file structure-v8.cif (mmCIF, C-alpha atoms)
data_upload
#
loop_
_atom_site.label_atom_id
_atom_site.label_comp_id
_atom_site.auth_asym_id
_atom_site.auth_seq_id
_atom_site.Cartn_x
_atom_site.Cartn_y
_atom_site.Cartn_z
CA MET T 1 -228.00 -201.99 -25.43
CA LEU T 2 -224.37 -200.89 -25.85
CA THR T 3 -221.72 -203.48 -25.10
CA LYS T 4 -218.74 -202.56 -22.95
CA ARG T 5 -216.48 -202.61 -26.01
CA THR T 6 -218.84 -200.33 -27.97
CA SER T 7 -219.17 -197.97 -25.01
CA LEU T 8 -215.40 -197.79 -24.68
CA LYS T 9 -214.95 -197.00 -28.40
CA LEU T 10 -217.63 -194.32 -28.17
CA ALA T 11 -216.01 -192.76 -25.11
CA ILE T 12 -212.62 -192.73 -26.83
CA ALA T 13 -214.13 -191.15 -29.96
CA LEU T 14 -215.90 -188.47 -27.94
CA ALA T 15 -212.73 -187.71 -25.99
CA ALA T 16 -210.80 -187.39 -29.25
CA LEU T 17 -213.40 -184.99 -30.65
CA MET T 18 -213.24 -182.93 -27.48
CA VAL T 19 -209.44 -182.69 -27.74
CA VAL T 20 -209.61 -181.69 -31.40
CA GLY T 21 -212.36 -179.18 -30.67
CA SER T 22 -210.41 -177.67 -27.78
CA ALA T 23 -207.27 -177.36 -29.89
CA GLN T 24 -209.18 -175.62 -32.68
CA ALA T 25 -210.95 -173.30 -30.26
CA ALA T 26 -207.73 -172.46 -28.51
CA GLU T 27 -205.62 -171.79 -31.64
CA LYS T 28 -204.23 -168.31 -31.31
CA LEU T 29 -201.62 -166.05 -32.87
CA ARG T 30 -199.84 -163.88 -30.31
CA LEU T 31 -198.72 -160.83 -32.26
CA LEU T 32 -196.20 -158.24 -31.03
CA THR T 33 -196.59 -155.27 -33.35
CA TRP T 34 -196.90 -151.51 -33.83
CA SER T 35 -200.04 -149.44 -33.34
CA GLY T 36 -202.15 -149.47 -36.51
CA TYR T 37 -200.60 -152.61 -38.00
CA ALA T 38 -203.43 -154.96 -36.97
CA PRO T 39 -206.69 -153.03 -37.56
CA ALA T 40 -209.83 -154.67 -36.17
CA ASP T 41 -211.44 -155.35 -39.55
CA VAL T 42 -208.30 -157.10 -40.82
CA VAL T 43 -208.02 -159.21 -37.66
CA ALA T 44 -211.71 -160.15 -37.94
CA GLN T 45 -211.33 -161.19 -41.57
CA PHE T 46 -208.26 -163.30 -40.78
CA THR T 47 -210.08 -165.07 -37.94
CA LYS T 48 -213.10 -165.66 -40.18
CA GLU T 49 -210.95 -167.16 -42.93
CA THR T 50 -208.64 -169.27 -40.74
CA GLY T 51 -210.38 -169.78 -37.40
CA ILE T 52 -207.25 -168.40 -35.68
CA GLU T 53 -207.70 -165.74 -33.02
CA VAL T 54 -205.19 -162.89 -32.94
CA GLU T 55 -203.99 -161.51 -29.61
CA VAL T 56 -202.44 -158.12 -30.37
CA THR T 57 -199.80 -156.47 -28.16
CA THR T 58 -198.59 -153.07 -29.39
CA SER T 59 -195.01 -152.10 -28.78
CA ASN T 60 -191.91 -150.42 -30.25
CA ASN T 61 -188.42 -151.59 -31.18
CA GLU T 62 -186.84 -151.13 -27.79
CA GLU T 63 -189.68 -152.88 -25.98
CA MET T 64 -189.81 -155.74 -28.49
CA ILE T 65 -186.14 -156.48 -27.92
CA SER T 66 -186.56 -156.13 -24.16
CA LYS T 67 -189.61 -158.42 -23.97
CA LEU T 68 -188.09 -161.13 -26.16
CA ARG T 69 -184.71 -160.91 -24.49
CA ALA T 70 -186.31 -161.32 -21.05
CA THR T 71 -188.06 -164.53 -22.17
CA GLN T 72 -185.36 -165.77 -24.57
CA GLY T 73 -187.83 -165.44 -27.43
CA ALA T 74 -190.97 -166.75 -25.72
CA GLY T 75 -194.40 -165.20 -25.20
CA PHE T 76 -195.20 -164.29 -28.82
CA ASP T 77 -195.62 -166.14 -32.12
CA LEU T 78 -194.83 -163.24 -34.44
CA ALA T 79 -193.08 -159.88 -33.95
CA GLN T 80 -192.59 -156.82 -36.15
CA PRO T 81 -189.22 -155.21 -35.39
CA SER T 82 -187.64 -152.78 -37.85
CA GLN T 83 -185.24 -154.48 -40.25
CA ASP T 84 -182.20 -152.77 -38.73
CA ARG T 85 -183.05 -154.18 -35.29
CA ILE T 86 -182.90 -157.89 -36.09
CA ALA T 87 -179.33 -158.94 -36.96
CA GLY T 88 -177.70 -157.31 -33.92
CA PRO T 89 -180.16 -158.58 -31.27
CA GLN T 90 -180.22 -162.00 -32.94
CA ALA T 91 -176.43 -162.29 -32.90
CA GLU T 92 -176.34 -161.08 -29.30
CA PHE T 93 -179.39 -162.72 -27.73
CA GLY T 94 -180.74 -165.36 -30.15
CA ILE T 95 -184.35 -164.15 -29.79
CA TYR T 96 -185.61 -165.15 -33.26
CA LYS T 97 -185.76 -168.31 -35.33
CA PRO T 98 -184.81 -168.49 -39.04
CA LEU T 99 -187.65 -168.07 -41.50
CA ASP T 100 -188.66 -170.96 -43.74
CA MET T 101 -188.91 -168.99 -47.00
CA SER T 102 -190.69 -171.89 -48.68
CA LYS T 103 -193.69 -171.00 -46.48
CA VAL T 104 -193.64 -167.32 -47.49
CA LYS T 105 -195.44 -166.30 -50.71
CA SER T 106 -192.54 -164.25 -52.07
CA ASP T 107 -194.41 -163.17 -55.20
CA GLN T 108 -196.70 -161.05 -52.99
CA PHE T 109 -193.78 -158.75 -52.06
CA ILE T 110 -192.10 -155.92 -53.97
CA GLY T 111 -189.09 -157.89 -55.15
CA SER T 112 -186.36 -155.33 -54.51
CA MET T 113 -187.63 -154.58 -51.00
CA LEU T 114 -187.90 -158.26 -50.13
CA GLU T 115 -184.34 -158.96 -51.27
CA ALA T 116 -182.93 -155.90 -49.45
CA THR T 117 -184.68 -156.86 -46.21
CA LYS T 118 -183.58 -160.48 -46.46
CA LYS T 119 -180.00 -159.28 -46.89
CA ASN T 120 -180.23 -156.91 -43.90
CA THR T 121 -181.75 -159.57 -41.63
CA THR T 122 -179.43 -162.45 -42.53
CA VAL T 123 -177.31 -163.91 -39.74
CA ASP T 124 -174.97 -166.84 -40.40
CA GLY T 125 -176.57 -167.40 -43.78
CA LYS T 126 -180.13 -167.60 -42.43
CA VAL T 127 -182.92 -165.07 -43.07
CA TYR T 128 -184.79 -163.73 -40.04
CA GLY T 129 -187.13 -161.07 -41.47
CA VAL T 130 -189.31 -160.11 -44.43
CA PRO T 131 -190.66 -156.57 -45.07
CA HIS T 132 -194.12 -155.29 -44.21
CA ILE T 133 -194.57 -151.52 -43.68
CA TRP T 134 -192.03 -148.86 -44.60
CA GLY T 135 -191.72 -145.12 -44.08
CA THR T 136 -189.43 -142.35 -42.93
CA ASP T 137 -188.42 -140.10 -40.07
CA GLY T 138 -188.18 -136.42 -40.96
CA LEU T 139 -189.74 -133.13 -39.94
CA VAL T 140 -193.34 -132.29 -39.08
CA VAL T 141 -193.71 -128.55 -39.52
CA ASN T 142 -196.35 -125.86 -39.10
CA THR T 143 -195.21 -124.04 -42.24
CA LYS T 144 -197.09 -120.89 -41.27
CA ALA T 145 -195.50 -120.61 -37.82
CA ALA T 146 -192.07 -122.01 -38.74
CA PRO T 147 -191.56 -121.44 -42.49
CA LYS T 148 -187.74 -121.69 -42.39
CA VAL T 149 -187.51 -125.21 -40.93
CA ALA T 150 -185.88 -127.39 -43.58
CA ASP T 151 -183.41 -129.59 -41.66
CA TYR T 152 -182.96 -131.11 -38.21
CA ASN T 153 -180.64 -128.35 -36.98
CA ASP T 154 -183.44 -125.84 -37.56
CA LEU T 155 -185.19 -127.33 -34.53
CA CYS T 156 -182.42 -125.61 -32.52
CA ASP T 157 -183.11 -122.13 -33.95
CA PRO T 158 -183.41 -119.70 -30.97
CA ALA T 159 -186.45 -118.17 -32.66
CA LEU T 160 -188.30 -121.44 -31.97
CA ALA T 161 -187.20 -121.82 -28.34
CA GLY T 162 -189.64 -123.94 -26.34
CA LYS T 163 -191.67 -124.85 -29.42
CA THR T 164 -189.86 -127.85 -30.89
CA SER T 165 -189.67 -131.54 -30.04
CA PHE T 166 -188.06 -134.86 -30.91
CA ARG T 167 -187.91 -138.29 -29.29
CA ALA T 168 -184.91 -139.02 -27.07
CA LYS T 169 -184.27 -142.17 -29.10
CA ARG T 170 -181.59 -143.34 -31.50
CA PRO T 171 -183.21 -141.85 -34.67
CA ALA T 172 -182.52 -138.36 -33.26
CA LEU T 173 -178.85 -139.27 -32.83
CA ILE T 174 -178.63 -140.57 -36.40
CA ALA T 175 -180.53 -137.60 -37.86
CA PHE T 176 -178.48 -134.91 -36.13
CA ALA T 177 -175.27 -136.70 -37.09
CA PHE T 178 -176.16 -136.42 -40.78
CA ALA T 179 -177.36 -132.84 -40.34
CA ASN T 180 -173.96 -131.93 -38.88
CA GLY T 181 -171.88 -133.47 -41.65
CA MET T 182 -171.20 -136.86 -40.05
CA ASP T 183 -172.05 -140.29 -41.45
CA PRO T 184 -173.00 -142.58 -38.55
CA PHE T 185 -173.67 -145.57 -40.79
CA ALA T 186 -170.10 -145.42 -42.14
CA ALA T 187 -168.85 -145.72 -38.54
CA TYR T 188 -170.94 -148.80 -37.71
CA GLY T 189 -167.94 -151.11 -38.08
CA ASP T 190 -165.73 -149.24 -35.59
CA ALA T 191 -167.17 -149.04 -32.07
CA LYS T 192 -164.52 -146.58 -30.87
CA ALA T 193 -165.11 -144.19 -33.78
CA TYR T 194 -168.86 -144.56 -33.34
CA ALA T 195 -168.64 -143.69 -29.64
CA ALA T 196 -166.63 -140.55 -30.46
CA LEU T 197 -169.15 -139.57 -33.14
CA MET T 198 -172.06 -140.11 -30.76
CA ASP T 199 -170.40 -137.95 -28.10
CA LYS T 200 -170.26 -135.09 -30.62
CA VAL T 201 -173.92 -135.59 -31.52
CA GLY T 202 -174.85 -135.76 -27.84
CA ALA T 203 -173.14 -132.41 -27.25
CA LYS T 204 -175.10 -130.88 -30.11
CA LEU T 205 -178.40 -132.21 -28.75
CA ALA T 206 -177.53 -130.98 -25.26
CA GLU T 207 -177.17 -127.46 -26.71
CA CYS T 208 -180.46 -127.86 -28.53
CA LYS T 209 -182.31 -129.11 -25.45
CA LYS T 210 -183.27 -125.58 -24.34
CA ASN T 211 -185.38 -125.35 -27.50
CA VAL T 212 -187.26 -128.56 -26.77
CA LYS T 213 -190.67 -128.25 -25.11
CA PHE T 214 -190.61 -131.96 -24.30
CA PHE T 215 -189.18 -135.22 -25.63
CA TRP T 216 -192.25 -136.81 -27.14
CA GLU T 217 -193.08 -140.43 -26.39
CA GLY T 218 -196.37 -141.28 -28.08
CA SER T 219 -197.54 -139.94 -31.45
CA ASP T 220 -200.85 -138.72 -30.01
CA GLN T 221 -198.95 -136.57 -27.50
CA LEU T 222 -196.98 -134.93 -30.30
CA LEU T 223 -199.84 -134.50 -32.76
CA ASN T 224 -202.06 -132.87 -30.15
CA ALA T 225 -199.26 -130.46 -29.23
CA VAL T 226 -198.78 -129.51 -32.89
CA ARG T 227 -202.51 -129.06 -33.40
CA SER T 228 -202.72 -126.74 -30.39
CA GLY T 229 -199.72 -124.68 -31.53
CA GLU T 230 -197.66 -125.67 -28.49
CA ILE T 231 -195.17 -127.29 -30.90
CA VAL T 232 -194.45 -125.75 -34.32
CA ALA T 233 -191.74 -128.13 -35.56
CA ALA T 234 -190.61 -131.60 -34.58
CA MET T 235 -188.70 -134.62 -35.75
CA ALA T 236 -191.33 -137.28 -36.38
CA TRP T 237 -192.62 -139.95 -38.74
CA ASP T 238 -194.11 -139.04 -42.10
CA THR T 239 -197.46 -140.55 -41.12
CA GLY T 240 -197.81 -137.97 -38.32
CA GLY T 241 -197.29 -135.08 -40.71
CA TRP T 242 -199.75 -136.51 -43.20
CA LYS T 243 -202.41 -137.02 -40.53
CA LEU T 244 -202.05 -133.38 -39.49
CA ASN T 245 -202.07 -132.23 -43.10
CA ALA T 246 -205.40 -133.94 -43.68
CA ASP T 247 -206.98 -131.44 -41.26
CA ASN T 248 -204.75 -128.40 -41.77
CA PRO T 249 -202.83 -127.75 -45.03
CA ASP T 250 -200.30 -125.59 -43.13
CA MET T 251 -199.09 -128.72 -41.34
CA LYS T 252 -196.68 -130.71 -43.53
CA PHE T 253 -194.18 -133.52 -43.45
CA VAL T 254 -190.88 -132.17 -44.76
CA ALA T 255 -188.05 -134.37 -45.99
CA PRO T 256 -184.94 -132.75 -44.42
CA LYS T 257 -182.12 -131.42 -46.60
CA SER T 258 -179.68 -133.84 -44.97
CA GLY T 259 -182.01 -136.73 -45.77
CA ALA T 260 -185.06 -138.41 -44.28
CA LEU T 261 -184.29 -141.63 -42.39
CA GLY T 262 -185.88 -144.65 -44.06
CA TRP T 263 -187.12 -147.63 -42.08
CA VAL T 264 -188.77 -150.96 -42.86
CA ASP T 265 -190.83 -152.85 -40.28
CA THR T 266 -190.72 -156.59 -40.76
CA PHE T 267 -192.25 -159.91 -39.85
CA ALA T 268 -189.96 -162.01 -37.63
CA ILE T 269 -190.72 -165.19 -35.68
CA PRO T 270 -189.56 -165.31 -32.02
CA ALA T 271 -187.26 -168.16 -31.06
CA LYS T 272 -189.80 -169.85 -28.78
CA GLY T 273 -193.00 -169.01 -30.63
CA ARG T 274 -195.59 -171.77 -30.30
CA ASN T 275 -197.57 -171.30 -33.51
CA ASP T 276 -195.32 -170.89 -36.54
CA ASP T 277 -198.07 -172.12 -38.87
CA ALA T 278 -200.37 -169.28 -37.79
CA ALA T 279 -197.48 -166.81 -38.13
CA TYR T 280 -196.89 -167.76 -41.78
CA LYS T 281 -200.61 -167.62 -42.48
CA TRP T 282 -200.75 -164.08 -41.01
CA ILE T 283 -197.74 -162.98 -43.08
CA ASN T 284 -199.19 -164.29 -46.34
CA PHE T 285 -202.65 -162.94 -45.53
CA ASN T 286 -201.27 -159.48 -44.78
CA MET T 287 -199.28 -159.29 -48.01
CA ARG T 288 -202.33 -159.82 -50.21
CA PRO T 289 -202.73 -156.43 -51.97
CA GLU T 290 -206.30 -155.80 -50.82
CA ILE T 291 -205.40 -156.60 -47.17
CA ALA T 292 -202.10 -154.70 -47.32
CA ALA T 293 -203.92 -151.61 -48.60
CA LYS T 294 -206.23 -151.72 -45.56
CA VAL T 295 -203.30 -152.02 -43.15
CA ALA T 296 -201.38 -149.26 -44.92
CA ALA T 297 -204.40 -146.96 -44.65
CA ALA T 298 -204.65 -147.66 -40.92
CA ALA T 299 -200.93 -147.22 -40.35
CA GLY T 300 -200.67 -144.20 -42.66
CA ASN T 301 -197.59 -145.59 -44.40
CA PHE T 302 -196.79 -147.60 -47.47
CA THR T 303 -196.45 -151.35 -47.70
CA ALA T 304 -194.05 -153.86 -49.26
CA SER T 305 -197.00 -155.69 -50.81
CA ASN T 306 -196.74 -155.90 -54.59
CA GLY T 307 -199.76 -154.10 -56.05
CA ALA T 308 -201.17 -152.61 -52.86
CA ASP T 309 -200.20 -149.10 -54.00
CA LYS T 310 -202.82 -149.27 -56.76
CA LEU T 311 -205.49 -149.76 -54.09
CA MET T 312 -204.36 -146.91 -51.81
CA GLU T 313 -206.51 -143.83 -51.28
CA GLY T 314 -205.70 -140.75 -53.34
CA LYS T 315 -204.99 -138.43 -50.40
CA LEU T 316 -202.02 -140.43 -49.14
CA LYS T 317 -200.64 -140.68 -52.67
CA ASP T 318 -200.87 -136.89 -53.04
CA GLN T 319 -199.23 -136.23 -49.67
CA PHE T 320 -196.39 -138.61 -50.47
CA ALA T 321 -195.79 -136.87 -53.81
CA GLU T 322 -195.61 -133.44 -52.12
CA SER T 323 -193.26 -134.58 -49.35
CA PHE T 324 -191.05 -136.69 -51.57
CA PRO T 325 -190.09 -135.30 -54.96
CA LYS T 326 -187.54 -137.54 -56.69
CA ALA T 327 -184.53 -135.73 -55.19
CA ALA T 328 -185.87 -136.30 -51.66
CA ILE T 329 -186.48 -139.99 -52.35
CA ASP T 330 -182.96 -140.38 -53.73
CA ASN T 331 -181.65 -138.72 -50.55
CA ILE T 332 -183.36 -141.09 -48.07
CA ARG T 333 -180.88 -142.57 -45.58
CA TRP T 334 -182.00 -146.19 -45.25
CA TYR T 335 -181.18 -147.74 -41.89
CA PRO T 336 -178.71 -150.63 -42.23
CA ALA T 337 -178.60 -153.47 -39.71
CA VAL T 338 -177.35 -152.28 -36.31
CA PRO T 339 -174.22 -154.17 -35.19
CA ALA T 340 -174.28 -155.66 -31.71
CA GLY T 341 -173.11 -153.26 -29.00
CA LEU T 342 -173.85 -149.95 -30.72
CA GLU T 343 -177.18 -149.41 -28.97
CA GLU T 344 -175.39 -149.53 -25.62
CA ILE T 345 -173.18 -146.64 -26.80
CA GLU T 346 -176.24 -144.71 -27.96
CA GLY T 347 -178.10 -145.48 -24.73
CA LYS T 348 -175.42 -143.82 -22.61
CA VAL T 349 -175.57 -140.67 -24.75
CA LEU T 350 -179.36 -140.58 -24.55
CA ASP T 351 -179.32 -141.16 -20.78
CA ARG T 352 -177.05 -138.15 -20.37
CA LEU T 353 -179.31 -136.08 -22.62
CA LYS T 354 -182.45 -136.94 -20.66
CA ALA T 355 -180.67 -136.38 -17.36
CA GLY T 356 -179.57 -132.95 -18.54
CA SER T 357 -175.83 -133.48 -18.18
#

call {"tool": "encode", "arguments": {"input": "structure-v8.cif", "output": "structure tokens"}}
result
Amino acid sequence: MLTKRTSLKLAIALAALMVVGSAQAAEKLRLLTWSGYAPADVVAQFTKETGIEVEVTTSNNEEMISKLRATQGAGFDLAQPSQDRIAGPQAEFGIYKPLDMSKVKSDQFIGSMLEATKKNTTVDGKVYGVPHIWGTDGLVVNTKAAPKVADYNDLCDPALAGKTSFRAKRPALIAFAFANGMDPFAAYGDAKAYAALMDKVGAKLAECKKNVKFFWEGSDQLLNAVRSGEIVAAMAWDTGGWKLNADNPDMKFVAPKSGALGWVDTFAIPAKGRNDDAAYKWINFNMRPEIAAKVAAAAGNFTASNGADKLMEGKLKDQFAESFPKAAIDNIRWYPAVPAGLEEIEGKVLDRLKAGS
């Protein structure tokens, strides 16, 4: 027969086991990321290896900032903003926490890309982001229907009226600035000069608007319109052009004469994330070459993982080589960190564009 003392010890031990079991069962990584960056097979392998469930919420830069700003950095354990969208929002809203680089396996990254991203995401001497997926904005073109499209301004050619598209987002403002002989990045440090530059770009886009069938929102919307022939040329990501090219060789991603816009999506930890340990495990897991190659194949872009390129499929390698000869690579306009306040200037220009005034 159990004594009272033995029964009490047993009850305490069982309760402790239940608490431990509940904590393990409940461990979760809440991930705020882009479509394609957390494929099901990769999530399943991570959960199998670590016991950590992954709750995936897909988003974009604007929504990530909005969600984290609304909660002061709560609600998610790991986010994937582009590297140029970290320093400004962090300085303005404090929505991220500094990374502990001792917990990041730096040797798994392409060294130059890791250092560049660390530099671009440093605020007050602290690093807030490391690189994951990178790619470019440029032109997706039906080369049979629109053979002369070689730069962003060509989307405004009257011959293509009603058959072109771009997103009413900041990349269009940046792209058309470069295409019209302006350097928006050089004006980042002067808000007044930047506002004047953006007004000029906004006027150009307003003129071009009659050519635009619609401002595309989701990639599926655009790709379907290009496949059907409704759209023959658009400003879009390289991955979209390569997906179309896989089915139709007339569809190509073209690096514009004025330069493709280069972006890097990162890993950043929200200020009030609850599971930093799981976040670091996910980062290190994803940067293993064999895992990174799977994610890159799902996303359709390249990765900052050192060695993953050797595991990529041949088709993507071939498409990249066709779209980006050395001169086009050298001409990529890499997004620098966006200073606080500039997106408000851009937002007003884009609001006027969408409103039609």

call {"tool": "resolve_selection", "arguments": {"input": "structure-v8.cif", "expression": "the PyMOL selection byres ((chain T and resi 161) around 12)", "output": "PyMOL selection string"}}
result
chain T and resi 146+154-160+162-165+207-214+230-233

call {"tool": "resolve_selection", "arguments": {"input": "structure-v8.cif", "expression": "the PyMOL selection byres ((chain T and resi 82) around 9)", "output": "short mmCIF file (atom, residue, chain, number, x, y, z; two decimals) with C-alpha atoms, keeping the file's coordinate frame"}}
result
data_model
loop_
_atom_site.label_atom_id
_atom_site.label_comp_id
_atom_site.auth_asym_id
_atom_site.auth_seq_id
_atom_site.Cartn_x
_atom_site.Cartn_y
_atom_site.Cartn_z
CA ASN T 61 -188.42 -151.59 -31.18
CA GLN T 80 -192.59 -156.82 -36.15
CA PRO T 81 -189.22 -155.21 -35.39
CA GLN T 83 -185.24 -154.48 -40.25
CA ASP T 84 -182.20 -152.77 -38.73
CA ARG T 85 -183.05 -154.18 -35.29
CA ILE T 86 -182.90 -157.89 -36.09
CA PRO T 131 -190.66 -156.57 -45.07
CA TRP T 134 -192.03 -148.86 -44.60
CA TRP T 263 -187.12 -147.63 -42.08
CA VAL T 264 -188.77 -150.96 -42.86
CA ASP T 265 -190.83 -152.85 -40.28
CA THR T 266 -190.72 -156.59 -40.76
CA PHE T 267 -192.25 -159.91 -39.85
#

call {"tool": "atom_distance", "arguments": {"input": "structure-v8.cif", "atom1": "atom CA of Lys272 of chain T", "atom2": "atom CA of Thr71 of chain T"}}
result
8.7 Å

call {"tool": "residues_around", "arguments": {"input": "structure-v8.cif", "residues": "Ala296 of chain T", "least_positions_apart": "4", "cutoff": "9 Å", "atoms": "only C-alpha atoms", "output": "PyMOL selection string"}}
result
chain T and resi 36-37+133+291-292+300-303+308+312

call {"tool": "atom_distance", "arguments": {"input": "structure-v8.cif", "atom1": "atom CA of Pro39 of chain T", "atom2": "atom CA of Phe285 of chain T"}}
result
13.3 Å

call {"tool": "atom_distance", "arguments": {"input": "structure-v8.cif", "atom1": "atom CA of Asn331 of chain T", "atom2": "atom CA of Leu114 of chain T"}}
result
20.5 Å

call {"tool": "residues_around", "arguments": {"input": "structure-v8.cif", "residues": "Asn142 of chain T", "least_positions_apart": "4", "cutoff": "10 Å", "atoms": "all atoms listed in the file", "output": "PyMOL selection string"}}
result
chain T and resi 146-147+149+226-227+229+231-234+241+244-245+248-253

call {"tool": "resolve_selection", "arguments": {"input": "structure-v8.cif", "expression": "the PyMOL selection byres ((chain T and resi 33) around 6)", "output": "PyMOL selection string"}}
result
chain T and resi 32+34+58-59+79-80

call {"tool": "residues_around", "arguments": {"input": "structure-v8.cif", "residues": "Val338 of chain T", "least_positions_apart": "2", "cutoff": "12 Å", "atoms": "all atoms listed in the file", "output": "PyMOL selection string"}}
result
chain T and resi 82-92+120-121+170+174+184-189+191+194+334-336+340-346

call {"tool": "closest_atom_pairs", "arguments": {"input": "structure-v8.cif", "of": "segment 280-344 of chain T", "to": "segment 101-108 of chain T", "cutoff": "9 Å", "atoms": "all atoms listed in the file", "output": "Markdown table"}}
result
| residue | atom | partner | partner_atom | distance |
| --- | --- | --- | --- | --- |
| T:Tyr280 | CA | T:Lys103 | CA | 6.5 |
| T:Lys281 | CA | T:Val104 | CA | 8.6 |
| T:Ile283 | CA | T:Val104 | CA | 7.4 |
| T:Asn284 | CA | T:Lys105 | CA | 6.1 |
| T:Met287 | CA | T:Gln108 | CA | 5.9 |
| T:Arg288 | CA | T:Gln108 | CA | 6.4 |
| T:Pro289 | CA | T:Gln108 | CA | 7.7 |
| T:Ala304 | CA | T:Gln108 | CA | 8.5 |
| T:Ser305 | CA | T:Gln108 | CA | 5.8 |
| T:Asn306 | CA | T:Gln108 | CA | 5.4 |
| T:Gly307 | CA | T:Gln108 | CA | 8.2 |

call {"tool": "closest_residue", "arguments": {"input": "structure-v8.cif", "among": "T:Glu217, T:Asp183, T:Asp151, T:Glu290", "to": "Arg167 of chain T", "atoms": "only C-alpha atoms"}}
result
T:Glu217

call {"tool": "closest_residue", "arguments": {"input": "structure-v8.cif", "among": "T:Ala328, T:Ala293, T:Val140, T:Val127", "to": "Leu99 of chain T", "atoms": "only C-alpha atoms"}}
result
T:Val127

call {"tool": "residues_around", "arguments": {"input": "structure-v8.cif", "residues": "Asp238 of chain T", "least_positions_apart": "6", "cutoff": "7 Å", "atoms": "only C-alpha atoms", "output": "list in words"}}
result
Gly135, Thr136, Asp137, Gly138 and Phe253 of chain T

call {"tool": "residues_around", "arguments": {"input": "structure-v8.cif", "residues": "Leu78 of chain T", "least_positions_apart": "4", "cutoff": "7 Å", "atoms": "only C-alpha atoms", "output": "ChimeraX atom specification"}}
result
/T:30-32,267-270,279

call {"tool": "closest_residue", "arguments": {"input": "structure-v8.cif", "among": "T:Gly240, T:Gly218, T:Pro256, T:Gly94", "to": "Phe178 of chain T", "atoms": "only C-alpha atoms"}}
result
T:Pro256

call {"tool": "closest_residue", "arguments": {"input": "structure-v8.cif", "among": "T:Ala236, T:Val295, T:Ala70, T:Leu353", "to": "Gln221 of chain T", "atoms": "all atoms listed in the file"}}
result
T:Ala236

call {"tool": "build_atoms", "arguments": {"input": "structure-v8.cif", "residues": "segment 155-169 of chain T", "atoms": "N, CA and C atoms", "output": "tab-separated table (two decimals), in the coordinates of the input"}}
result
chain	number	residue	atom	x	y	z
T	155	LEU	N	-184.43	-127.17	-35.76
T	155	LEU	CA	-185.19	-127.33	-34.53
T	155	LEU	C	-184.49	-126.62	-33.37
T	156	CYS	N	-183.21	-126.27	-33.57
T	156	CYS	CA	-182.42	-125.61	-32.52
T	156	CYS	C	-182.36	-124.10	-32.71
T	157	ASP	N	-183.09	-123.57	-33.69
T	157	ASP	CA	-183.11	-122.13	-33.95
T	157	ASP	C	-183.68	-121.40	-32.72
T	158	PRO	N	-182.93	-120.43	-32.16
T	158	PRO	CA	-183.41	-119.70	-30.97
T	158	PRO	C	-184.78	-119.07	-31.16
T	159	ALA	N	-185.14	-118.77	-32.40
T	159	ALA	CA	-186.45	-118.17	-32.66
T	159	ALA	C	-187.60	-119.13	-32.34
T	160	LEU	N	-187.27	-120.43	-32.25
T	160	LEU	CA	-188.30	-121.44	-31.97
T	160	LEU	C	-188.15	-122.03	-30.57
T	161	ALA	N	-187.46	-121.32	-29.70
T	161	ALA	CA	-187.20	-121.82	-28.34
T	161	ALA	C	-188.49	-122.22	-27.63
T	162	GLY	N	-188.49	-123.44	-27.09
T	162	GLY	CA	-189.64	-123.94	-26.34
T	162	GLY	C	-190.79	-124.41	-27.20
T	163	LYS	N	-190.58	-124.47	-28.53
T	163	LYS	CA	-191.67	-124.85	-29.42
T	163	LYS	C	-191.32	-125.99	-30.37
T	164	THR	N	-190.24	-126.72	-30.05
T	164	THR	CA	-189.86	-127.85	-30.89
T	164	THR	C	-189.80	-129.12	-30.05
T	165	SER	N	-189.69	-130.26	-30.75
T	165	SER	CA	-189.67	-131.54	-30.04
T	165	SER	C	-189.04	-132.62	-30.91
T	166	PHE	N	-188.48	-133.62	-30.26
T	166	PHE	CA	-188.06	-134.86	-30.91
T	166	PHE	C	-188.06	-135.94	-29.85
T	167	ARG	N	-187.98	-137.19	-30.26
T	167	ARG	CA	-187.91	-138.29	-29.29
T	167	ARG	C	-186.46	-138.45	-28.84
T	168	ALA	N	-186.25	-138.74	-27.58
T	168	ALA	CA	-184.91	-139.02	-27.07
T	168	ALA	C	-184.60	-140.49	-27.35
T	169	LYS	N	-184.52	-140.81	-28.63
T	169	LYS	CA	-184.27	-142.17	-29.10
T	169	LYS	C	-183.17	-142.12	-30.16
